[in-house]
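Shown here: target-v3.cif, mmCIF, N, CA and C atoms.
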data_structure
loop_
_atom_site.group_PDB
_atom_site.id
_atom_site.type_symbol
_atom_site.label_atom_id
_atom_site.label_comp_id
_atom_site.auth_asym_id
_atom_site.auth_seq_id
_atom_site.Cartn_x
_atom_site.Cartn_y
_atom_site.Cartn_z
ATOM 1 N N MET A 25 0.847 -1.188 0.000
ATOM 2 C CA MET A 25 0.000 0.000 0.000
ATOM 3 C C MET A 25 0.889 1.248 0.000
ATOM 4 N N LYS A 26 0.409 2.245 -0.687
ATOM 5 C CA LYS A 26 1.133 3.509 -0.807
ATOM 6 C C LYS A 26 0.254 4.625 -0.241
ATOM 7 N N LYS A 27 0.888 5.669 0.247
ATOM 8 C CA LYS A 27 0.162 6.818 0.785
ATOM 9 C C LYS A 27 -0.195 7.794 -0.332
ATOM 10 N N THR A 28 -1.394 8.320 -0.272
ATOM 11 C CA THR A 28 -1.831 9.302 -1.255
ATOM 12 C C THR A 28 -0.970 10.556 -1.197
ATOM 13 N N ILE A 29 -0.559 10.967 -0.009
ATOM 14 C CA ILE A 29 0.277 12.162 0.130
ATOM 15 C C ILE A 29 1.606 11.969 -0.600
ATOM 16 N N ASP A 30 2.130 10.747 -0.613
ATOM 17 C CA ASP A 30 3.373 10.483 -1.336
ATOM 18 C C ASP A 30 3.169 10.629 -2.843
ATOM 19 N N LEU A 31 2.013 10.221 -3.320
ATOM 20 C CA LEU A 31 1.683 10.378 -4.735
ATOM 21 C C LEU A 31 1.618 11.863 -5.091
ATOM 22 N N LEU A 32 0.981 12.647 -4.249
ATOM 23 C CA LEU A 32 0.905 14.087 -4.468
ATOM 24 C C LEU A 32 2.300 14.694 -4.495
ATOM 25 N N ASN A 33 3.120 14.333 -3.532
ATOM 26 C CA ASN A 33 4.482 14.870 -3.473
ATOM 27 C C ASN A 33 5.288 14.482 -4.708
ATOM 28 N N LYS A 34 5.104 13.267 -5.199
ATOM 29 C CA LYS A 34 5.811 12.813 -6.393
ATOM 30 C C LYS A 34 5.382 13.628 -7.611
ATOM 31 N N ALA A 35 4.093 13.890 -7.731
ATOM 32 C CA ALA A 35 3.593 14.696 -8.854
ATOM 33 C C ALA A 35 4.172 16.105 -8.797
ATOM 34 N N VAL A 36 4.252 16.673 -7.609
ATOM 35 C CA VAL A 36 4.826 18.011 -7.446
ATOM 36 C C VAL A 36 6.310 17.994 -7.811
ATOM 37 N N GLU A 37 7.032 16.948 -7.415
ATOM 38 C CA GLU A 37 8.449 16.809 -7.776
ATOM 39 C C GLU A 37 8.629 16.769 -9.284
ATOM 40 N N MET A 38 7.631 16.235 -9.990
ATOM 41 C CA MET A 38 7.687 16.146 -11.448
ATOM 42 C C MET A 38 7.394 17.490 -12.112
ATOM 43 N N GLY A 39 7.022 18.487 -11.316
ATOM 44 C CA GLY A 39 6.800 19.834 -11.839
ATOM 45 C C GLY A 39 5.353 20.268 -11.938
ATOM 46 N N PHE A 40 4.430 19.446 -11.453
ATOM 47 C CA PHE A 40 3.019 19.807 -11.501
ATOM 48 C C PHE A 40 2.657 20.731 -10.346
ATOM 49 N N ASP A 41 1.717 21.620 -10.607
ATOM 50 C CA ASP A 41 1.187 22.509 -9.579
ATOM 51 C C ASP A 41 0.505 21.662 -8.498
ATOM 52 N N ARG A 42 0.787 21.974 -7.241
ATOM 53 C CA ARG A 42 0.276 21.164 -6.126
ATOM 54 C C ARG A 42 -1.248 21.104 -6.109
ATOM 55 N N GLU A 43 -1.896 22.231 -6.273
ATOM 56 C CA GLU A 43 -3.360 22.263 -6.206
ATOM 57 C C GLU A 43 -3.995 21.503 -7.376
ATOM 58 N N GLN A 44 -3.426 21.663 -8.559
ATOM 59 C CA GLN A 44 -3.964 20.952 -9.726
ATOM 60 C C GLN A 44 -3.713 19.453 -9.605
ATOM 61 N N ALA A 45 -2.526 19.084 -9.121
ATOM 62 C CA ALA A 45 -2.214 17.664 -8.935
ATOM 63 C C ALA A 45 -3.169 17.047 -7.911
ATOM 64 N N LEU A 46 -3.434 17.769 -6.843
ATOM 65 C CA LEU A 46 -4.360 17.274 -5.823
ATOM 66 C C LEU A 46 -5.755 17.080 -6.412
ATOM 67 N N ALA A 47 -6.204 18.029 -7.210
ATOM 68 C CA ALA A 47 -7.518 17.920 -7.830
ATOM 69 C C ALA A 47 -7.566 16.712 -8.769
ATOM 70 N N ASP A 48 -6.511 16.508 -9.538
ATOM 71 C CA ASP A 48 -6.459 15.371 -10.460
ATOM 72 C C ASP A 48 -6.432 14.042 -9.710
ATOM 73 N N ILE A 49 -5.646 13.979 -8.653
ATOM 74 C CA ILE A 49 -5.573 12.759 -7.842
ATOM 75 C C ILE A 49 -6.919 12.483 -7.190
ATOM 76 N N ASP A 50 -7.537 13.517 -6.629
ATOM 77 C CA ASP A 50 -8.849 13.355 -5.997
ATOM 78 C C ASP A 50 -9.877 12.822 -6.989
ATOM 79 N N ALA A 51 -9.883 13.379 -8.193
ATOM 80 C CA ALA A 51 -10.837 12.929 -9.198
ATOM 81 C C ALA A 51 -10.611 11.458 -9.547
ATOM 82 N N SER A 52 -9.359 11.076 -9.678
ATOM 83 C CA SER A 52 -9.042 9.677 -9.988
ATOM 84 C C SER A 52 -9.466 8.752 -8.861
ATOM 85 N N LEU A 53 -9.171 9.146 -7.640
ATOM 86 C CA LEU A 53 -9.504 8.295 -6.496
ATOM 87 C C LEU A 53 -11.006 8.241 -6.239
ATOM 88 N N ASP A 54 -11.693 9.364 -6.463
ATOM 89 C CA ASP A 54 -13.153 9.361 -6.300
ATOM 90 C C ASP A 54 -13.800 8.366 -7.257
ATOM 91 N N ALA A 55 -13.214 8.230 -8.441
ATOM 92 C CA ALA A 55 -13.757 7.304 -9.433
ATOM 93 C C ALA A 55 -13.448 5.846 -9.088
ATOM 94 N N GLU A 56 -12.404 5.611 -8.318
ATOM 95 C CA GLU A 56 -11.946 4.252 -8.027
ATOM 96 C C GLU A 56 -12.349 3.721 -6.656
ATOM 97 N N LEU A 57 -12.464 4.615 -5.682
ATOM 98 C CA LEU A 57 -12.679 4.181 -4.299
ATOM 99 C C LEU A 57 -14.074 4.539 -3.813
ATOM 100 N N GLU A 58 -14.681 3.632 -3.075
ATOM 101 C CA GLU A 58 -15.993 3.908 -2.496
ATOM 102 C C GLU A 58 -15.877 4.758 -1.243
ATOM 103 N N GLU A 59 -14.823 4.530 -0.487
ATOM 104 C CA GLU A 59 -14.631 5.252 0.772
ATOM 105 C C GLU A 59 -13.293 5.961 0.743
ATOM 106 N N ARG A 60 -13.306 7.252 1.047
ATOM 107 C CA ARG A 60 -12.076 8.050 1.049
ATOM 108 C C ARG A 60 -11.701 8.394 2.485
ATOM 109 N N HIS A 61 -10.410 8.634 2.689
ATOM 110 C CA HIS A 61 -9.878 9.003 3.993
ATOM 111 C C HIS A 61 -9.114 10.308 3.851
ATOM 112 N N PRO A 62 -8.790 10.967 4.963
ATOM 113 C CA PRO A 62 -8.000 12.197 4.879
ATOM 114 C C PRO A 62 -6.676 11.939 4.141
ATOM 115 N N LEU A 63 -6.230 12.933 3.400
ATOM 116 C CA LEU A 63 -5.050 12.814 2.553
ATOM 117 C C LEU A 63 -3.846 12.226 3.273
ATOM 118 N N MET A 64 -3.566 12.683 4.457
ATOM 119 C CA MET A 64 -2.381 12.239 5.192
ATOM 120 C C MET A 64 -2.481 10.779 5.633
ATOM 121 N N ASP A 65 -3.700 10.267 5.750
ATOM 122 C CA ASP A 65 -3.911 8.904 6.244
ATOM 123 C C ASP A 65 -4.266 7.901 5.148
ATOM 124 N N GLU A 66 -4.678 8.398 4.011
ATOM 125 C CA GLU A 66 -5.199 7.519 2.966
ATOM 126 C C GLU A 66 -4.095 6.665 2.345
ATOM 127 N N GLU A 67 -4.387 5.382 2.226
ATOM 128 C CA GLU A 67 -3.480 4.450 1.555
ATOM 129 C C GLU A 67 -4.213 3.846 0.368
ATOM 130 N N ILE A 68 -3.481 3.696 -0.741
ATOM 131 C CA ILE A 68 -4.054 3.117 -1.952
ATOM 132 C C ILE A 68 -3.153 1.977 -2.403
ATOM 133 N N SER A 69 -3.703 1.135 -3.245
ATOM 134 C CA SER A 69 -2.919 0.000 -3.731
ATOM 135 C C SER A 69 -1.747 0.503 -4.573
ATOM 136 N N GLU A 70 -0.731 -0.306 -4.632
ATOM 137 C CA GLU A 70 0.445 0.065 -5.415
ATOM 138 C C GLU A 70 0.092 0.184 -6.900
ATOM 139 N N SER A 71 -0.790 -0.672 -7.381
ATOM 140 C CA SER A 71 -1.160 -0.608 -8.798
ATOM 141 C C SER A 71 -1.924 0.677 -9.108
ATOM 142 N N LEU A 72 -2.824 1.097 -8.225
ATOM 143 C CA LEU A 72 -3.556 2.351 -8.426
ATOM 144 C C LEU A 72 -2.591 3.531 -8.369
ATOM 145 N N TYR A 73 -1.690 3.516 -7.408
ATOM 146 C CA TYR A 73 -0.657 4.549 -7.284
ATOM 147 C C TYR A 73 0.134 4.654 -8.592
ATOM 148 N N ASN A 74 0.580 3.506 -9.094
ATOM 149 C CA ASN A 74 1.387 3.495 -10.321
ATOM 150 C C ASN A 74 0.585 3.944 -11.537
ATOM 151 N N ASN A 75 -0.683 3.565 -11.604
ATOM 152 C CA ASN A 75 -1.531 3.979 -12.724
ATOM 153 C C ASN A 75 -1.719 5.497 -12.753
ATOM 154 N N ILE A 76 -1.972 6.078 -11.593
ATOM 155 C CA ILE A 76 -2.150 7.532 -11.526
ATOM 156 C C ILE A 76 -0.832 8.233 -11.843
ATOM 157 N N LEU A 77 0.258 7.721 -11.298
ATOM 158 C CA LEU A 77 1.573 8.312 -11.558
ATOM 159 C C LEU A 77 1.911 8.231 -13.047
ATOM 160 N N GLU A 78 1.556 7.130 -13.679
ATOM 161 C CA GLU A 78 1.792 6.996 -15.122
ATOM 162 C C GLU A 78 0.995 8.036 -15.907
ATOM 163 N N GLY A 79 -0.191 8.354 -15.425
ATOM 164 C CA GLY A 79 -0.985 9.415 -16.049
ATOM 165 C C GLY A 79 -0.281 10.757 -15.989
ATOM 166 N N PHE A 80 0.341 11.045 -14.852
ATOM 167 C CA PHE A 80 1.109 12.288 -14.733
ATOM 168 C C PHE A 80 2.309 12.265 -15.677
ATOM 169 N N ARG A 81 2.985 11.128 -15.771
ATOM 170 C CA ARG A 81 4.138 11.021 -16.682
ATOM 171 C C ARG A 81 3.713 11.251 -18.130
ATOM 172 N N ALA A 82 2.604 10.636 -18.524
ATOM 173 C CA ALA A 82 2.108 10.787 -19.890
ATOM 174 C C ALA A 82 1.729 12.239 -20.162
ATOM 175 N N ASP A 83 1.084 12.881 -19.189
ATOM 176 C CA ASP A 83 0.701 14.280 -19.346
ATOM 177 C C ASP A 83 1.929 15.166 -19.493
ATOM 178 N N LYS A 84 2.942 14.874 -18.712
ATOM 179 C CA LYS A 84 4.175 15.665 -18.777
ATOM 180 C C LYS A 84 4.844 15.504 -20.145
ATOM 181 N N GLU A 85 4.868 14.280 -20.673
ATOM 182 C CA GLU A 85 5.473 14.036 -21.989
ATOM 183 C C GLU A 85 4.689 14.731 -23.095
ATOM 184 N N MET A 86 3.372 14.729 -23.001
ATOM 185 C CA MET A 86 2.544 15.366 -24.022
ATOM 186 C C MET A 86 2.705 16.880 -24.023
ATOM 187 N N ASN A 87 3.013 17.439 -22.867
ATOM 188 C CA ASN A 87 3.135 18.895 -22.738
ATOM 189 C C ASN A 87 4.568 19.377 -22.712
ATOM 190 N N ALA A 88 5.501 18.485 -23.025
ATOM 191 C CA ALA A 88 6.921 18.862 -22.987
ATOM 192 C C ALA A 88 7.315 19.638 -24.216
#
Output the file's structure in the form of structure tokens.
Amino acid sequence: MKKTIDLLNKAVEMGFDREQALADIDASLDAELEERHPLMDEEISESLYNNILEGFRADKEMNA
């Protein structure tokens, strides 16, 4: 399991705006999870973490 806050921090390290990255992550997780937890406490599966992170990578490549 991976922490959602770590995913957010990774997206920010990649150069994404923190607020926009948070909104994008929230939208992805809302679509995937029935129950959400506070950002600092929320854990997601490694595959979901990697899928969302890959989306950020693809977006960065398309906008490079």
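When the PyMOL selection byres (((chain A and resi 39 and name CA) around 12) and name CA) is evaluated against the file, it yields A:Leu32, A:Asn33, A:Lys34, A:Ala35, A:Val36, A:Glu37, A:Met38, A:Phe40, A:Asp41, A:Arg42, A:Glu43, A:Gln44, A:Ala45, A:Phe80, A:Arg81, A:Asp83, A:Lys84, A:Glu85, A:Asn87, A:Ala88.
From atom C of Ser69 in chain A back to atom C of Met86 in chain A, the distance works out to 25.8 Å.
For the pair CA of Leu31 in chain A and CA of Glu59 in chain A, the separation is 18.0 Å.
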Original post:
Do you know which residues are at most 8 Å from Ile29 in chain A counting all atoms listed in the file, after dropping those on the same chain fewer than 4 positions away, and could you put them as a list in words?
Top reply: Asn33, Lys34, Ala35, Pro62, Leu63, Met64, Asp65, Glu66, Glu67 and Ile68 of chain A
Quick one: residues within 10 Å of Tyr73 in chain A, only C-alpha atoms, excluding same-chain residues fewer than 6 positions away - as an mmCIF file with N, CA and C atoms, in the frame of the given file?
data_model
loop_
_atom_site.group_PDB
_atom_site.id
_atom_site.type_symbol
_atom_site.label_atom_id
_atom_site.label_comp_id
_atom_site.auth_asym_id
_atom_site.auth_seq_id
_atom_site.Cartn_x
_atom_site.Cartn_y
_atom_site.Cartn_z
ATOM 1 N N MET A 25 0.847 -1.188 0.000
ATOM 2 C CA MET A 25 0.000 0.000 0.000
ATOM 3 C C MET A 25 0.889 1.248 0.000
ATOM 4 N N LYS A 26 0.409 2.245 -0.687
ATOM 5 C CA LYS A 26 1.133 3.509 -0.807
ATOM 6 C C LYS A 26 0.254 4.625 -0.241
ATOM 7 N N LYS A 27 0.888 5.669 0.247
ATOM 8 C CA LYS A 27 0.162 6.818 0.785
ATOM 9 C C LYS A 27 -0.195 7.794 -0.332
ATOM 10 N N THR A 28 -1.394 8.320 -0.272
ATOM 11 C CA THR A 28 -1.831 9.302 -1.255
ATOM 12 C C THR A 28 -0.970 10.556 -1.197
ATOM 13 N N ASP A 30 2.130 10.747 -0.613
ATOM 14 C CA ASP A 30 3.373 10.483 -1.336
ATOM 15 C C ASP A 30 3.169 10.629 -2.843
ATOM 16 N N LEU A 31 2.013 10.221 -3.320
ATOM 17 C CA LEU A 31 1.683 10.378 -4.735
ATOM 18 C C LEU A 31 1.618 11.863 -5.091
ATOM 19 N N ILE A 49 -5.646 13.979 -8.653
ATOM 20 C CA ILE A 49 -5.573 12.759 -7.842
ATOM 21 C C ILE A 49 -6.919 12.483 -7.190
ATOM 22 N N LEU A 53 -9.171 9.146 -7.640
ATOM 23 C CA LEU A 53 -9.504 8.295 -6.496
ATOM 24 C C LEU A 53 -11.006 8.241 -6.239
ATOM 25 N N GLU A 67 -4.387 5.382 2.226
ATOM 26 C CA GLU A 67 -3.480 4.450 1.555
ATOM 27 C C GLU A 67 -4.213 3.846 0.368
#
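Note that CA of Ile76 in chain A and atom C of Asp48 in chain A are 8.0 Å apart.
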**OP:** Using backbone DSSP assignments, extract all alpha helix (DSSP H) residues from chain A; output them as a ChimeraX atom specification.
**Re:** /A:28-37,42-56,70-86
Residues of the last selection are to be written out with N, CA and C atoms, as a CSV table (one decimal), in the frame of the given file.
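Contents of part_15.csv, as written:
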chain,number,residue,atom,x,y,z
A,28,THR,N,-1.4,8.3,-0.3
A,28,THR,CA,-1.8,9.3,-1.3
A,28,THR,C,-1.0,10.6,-1.2
A,29,ILE,N,-0.6,11.0,0.0
A,29,ILE,CA,0.3,12.2,0.1
A,29,ILE,C,1.6,12.0,-0.6
A,30,ASP,N,2.1,10.7,-0.6
A,30,ASP,CA,3.4,10.5,-1.3
A,30,ASP,C,3.2,10.6,-2.8
A,31,LEU,N,2.0,10.2,-3.3
A,31,LEU,CA,1.7,10.4,-4.7
A,31,LEU,C,1.6,11.9,-5.1
A,32,LEU,N,1.0,12.6,-4.2
A,32,LEU,CA,0.9,14.1,-4.5
A,32,LEU,C,2.3,14.7,-4.5
A,33,ASN,N,3.1,14.3,-3.5
A,33,ASN,CA,4.5,14.9,-3.5
A,33,ASN,C,5.3,14.5,-4.7
A,34,LYS,N,5.1,13.3,-5.2
A,34,LYS,CA,5.8,12.8,-6.4
A,34,LYS,C,5.4,13.6,-7.6
A,35,ALA,N,4.1,13.9,-7.7
A,35,ALA,CA,3.6,14.7,-8.9
A,35,ALA,C,4.2,16.1,-8.8
A,36,VAL,N,4.3,16.7,-7.6
A,36,VAL,CA,4.8,18.0,-7.4
A,36,VAL,C,6.3,18.0,-7.8
A,37,GLU,N,7.0,16.9,-7.4
A,37,GLU,CA,8.4,16.8,-7.8
A,37,GLU,C,8.6,16.8,-9.3
A,42,ARG,N,0.8,22.0,-7.2
A,42,ARG,CA,0.3,21.2,-6.1
A,42,ARG,C,-1.2,21.1,-6.1
A,43,GLU,N,-1.9,22.2,-6.3
A,43,GLU,CA,-3.4,22.3,-6.2
A,43,GLU,C,-4.0,21.5,-7.4
A,44,GLN,N,-3.4,21.7,-8.6
A,44,GLN,CA,-4.0,21.0,-9.7
A,44,GLN,C,-3.7,19.5,-9.6
A,45,ALA,N,-2.5,19.1,-9.1
A,45,ALA,CA,-2.2,17.7,-8.9
A,45,ALA,C,-3.2,17.0,-7.9
A,46,LEU,N,-3.4,17.8,-6.8
A,46,LEU,CA,-4.4,17.3,-5.8
A,46,LEU,C,-5.8,17.1,-6.4
A,47,ALA,N,-6.2,18.0,-7.2
A,47,ALA,CA,-7.5,17.9,-7.8
A,47,ALA,C,-7.6,16.7,-8.8
A,48,ASP,N,-6.5,16.5,-9.5
A,48,ASP,CA,-6.5,15.4,-10.5
A,48,ASP,C,-6.4,14.0,-9.7
A,49,ILE,N,-5.6,14.0,-8.7
A,49,ILE,CA,-5.6,12.8,-7.8
A,49,ILE,C,-6.9,12.5,-7.2
A,50,ASP,N,-7.5,13.5,-6.6
A,50,ASP,CA,-8.8,13.4,-6.0
A,50,ASP,C,-9.9,12.8,-7.0
A,51,ALA,N,-9.9,13.4,-8.2
A,51,ALA,CA,-10.8,12.9,-9.2
A,51,ALA,C,-10.6,11.5,-9.5
A,52,SER,N,-9.4,11.1,-9.7
A,52,SER,CA,-9.0,9.7,-10.0
A,52,SER,C,-9.5,8.8,-8.9
A,53,LEU,N,-9.2,9.1,-7.6
A,53,LEU,CA,-9.5,8.3,-6.5
A,53,LEU,C,-11.0,8.2,-6.2
A,54,ASP,N,-11.7,9.4,-6.5
A,54,ASP,CA,-13.2,9.4,-6.3
A,54,ASP,C,-13.8,8.4,-7.3
A,55,ALA,N,-13.2,8.2,-8.4
A,55,ALA,CA,-13.8,7.3,-9.4
A,55,ALA,C,-13.4,5.8,-9.1
A,56,GLU,N,-12.4,5.6,-8.3
A,56,GLU,CA,-11.9,4.3,-8.0
A,56,GLU,C,-12.3,3.7,-6.7
A,70,GLU,N,-0.7,-0.3,-4.6
A,70,GLU,CA,0.4,0.1,-5.4
A,70,GLU,C,0.1,0.2,-6.9
A,71,SER,N,-0.8,-0.7,-7.4
A,71,SER,CA,-1.2,-0.6,-8.8
A,71,SER,C,-1.9,0.7,-9.1
A,72,LEU,N,-2.8,1.1,-8.2
A,72,LEU,CA,-3.6,2.4,-8.4
A,72,LEU,C,-2.6,3.5,-8.4
A,73,TYR,N,-1.7,3.5,-7.4
A,73,TYR,CA,-0.7,4.5,-7.3
A,73,TYR,C,0.1,4.7,-8.6
A,74,ASN,N,0.6,3.5,-9.1
A,74,ASN,CA,1.4,3.5,-10.3
A,74,ASN,C,0.6,3.9,-11.5
A,75,ASN,N,-0.7,3.6,-11.6
A,75,ASN,CA,-1.5,4.0,-12.7
A,75,ASN,C,-1.7,5.5,-12.8
A,76,ILE,N,-2.0,6.1,-11.6
A,76,ILE,CA,-2.2,7.5,-11.5
A,76,ILE,C,-0.8,8.2,-11.8
A,77,LEU,N,0.3,7.7,-11.3
A,77,LEU,CA,1.6,8.3,-11.6
A,77,LEU,C,1.9,8.2,-13.0
A,78,GLU,N,1.6,7.1,-13.7
A,78,GLU,CA,1.8,7.0,-15.1
A,78,GLU,C,1.0,8.0,-15.9
A,79,GLY,N,-0.2,8.4,-15.4
A,79,GLY,CA,-1.0,9.4,-16.0
A,79,GLY,C,-0.3,10.8,-16.0
A,80,PHE,N,0.3,11.0,-14.9
A,80,PHE,CA,1.1,12.3,-14.7
A,80,PHE,C,2.3,12.3,-15.7
A,81,ARG,N,3.0,11.1,-15.8
A,81,ARG,CA,4.1,11.0,-16.7
A,81,ARG,C,3.7,11.3,-18.1
A,82,ALA,N,2.6,10.6,-18.5
A,82,ALA,CA,2.1,10.8,-19.9
A,82,ALA,C,1.7,12.2,-20.2
A,83,ASP,N,1.1,12.9,-19.2
A,83,ASP,CA,0.7,14.3,-19.3
A,83,ASP,C,1.9,15.2,-19.5
A,84,LYS,N,2.9,14.9,-18.7
A,84,LYS,CA,4.2,15.7,-18.8
A,84,LYS,C,4.8,15.5,-20.1
A,85,GLU,N,4.9,14.3,-20.7
A,85,GLU,CA,5.5,14.0,-22.0
A,85,GLU,C,4.7,14.7,-23.1
A,86,MET,N,3.4,14.7,-23.0
A,86,MET,CA,2.5,15.4,-24.0
A,86,MET,C,2.7,16.9,-24.0
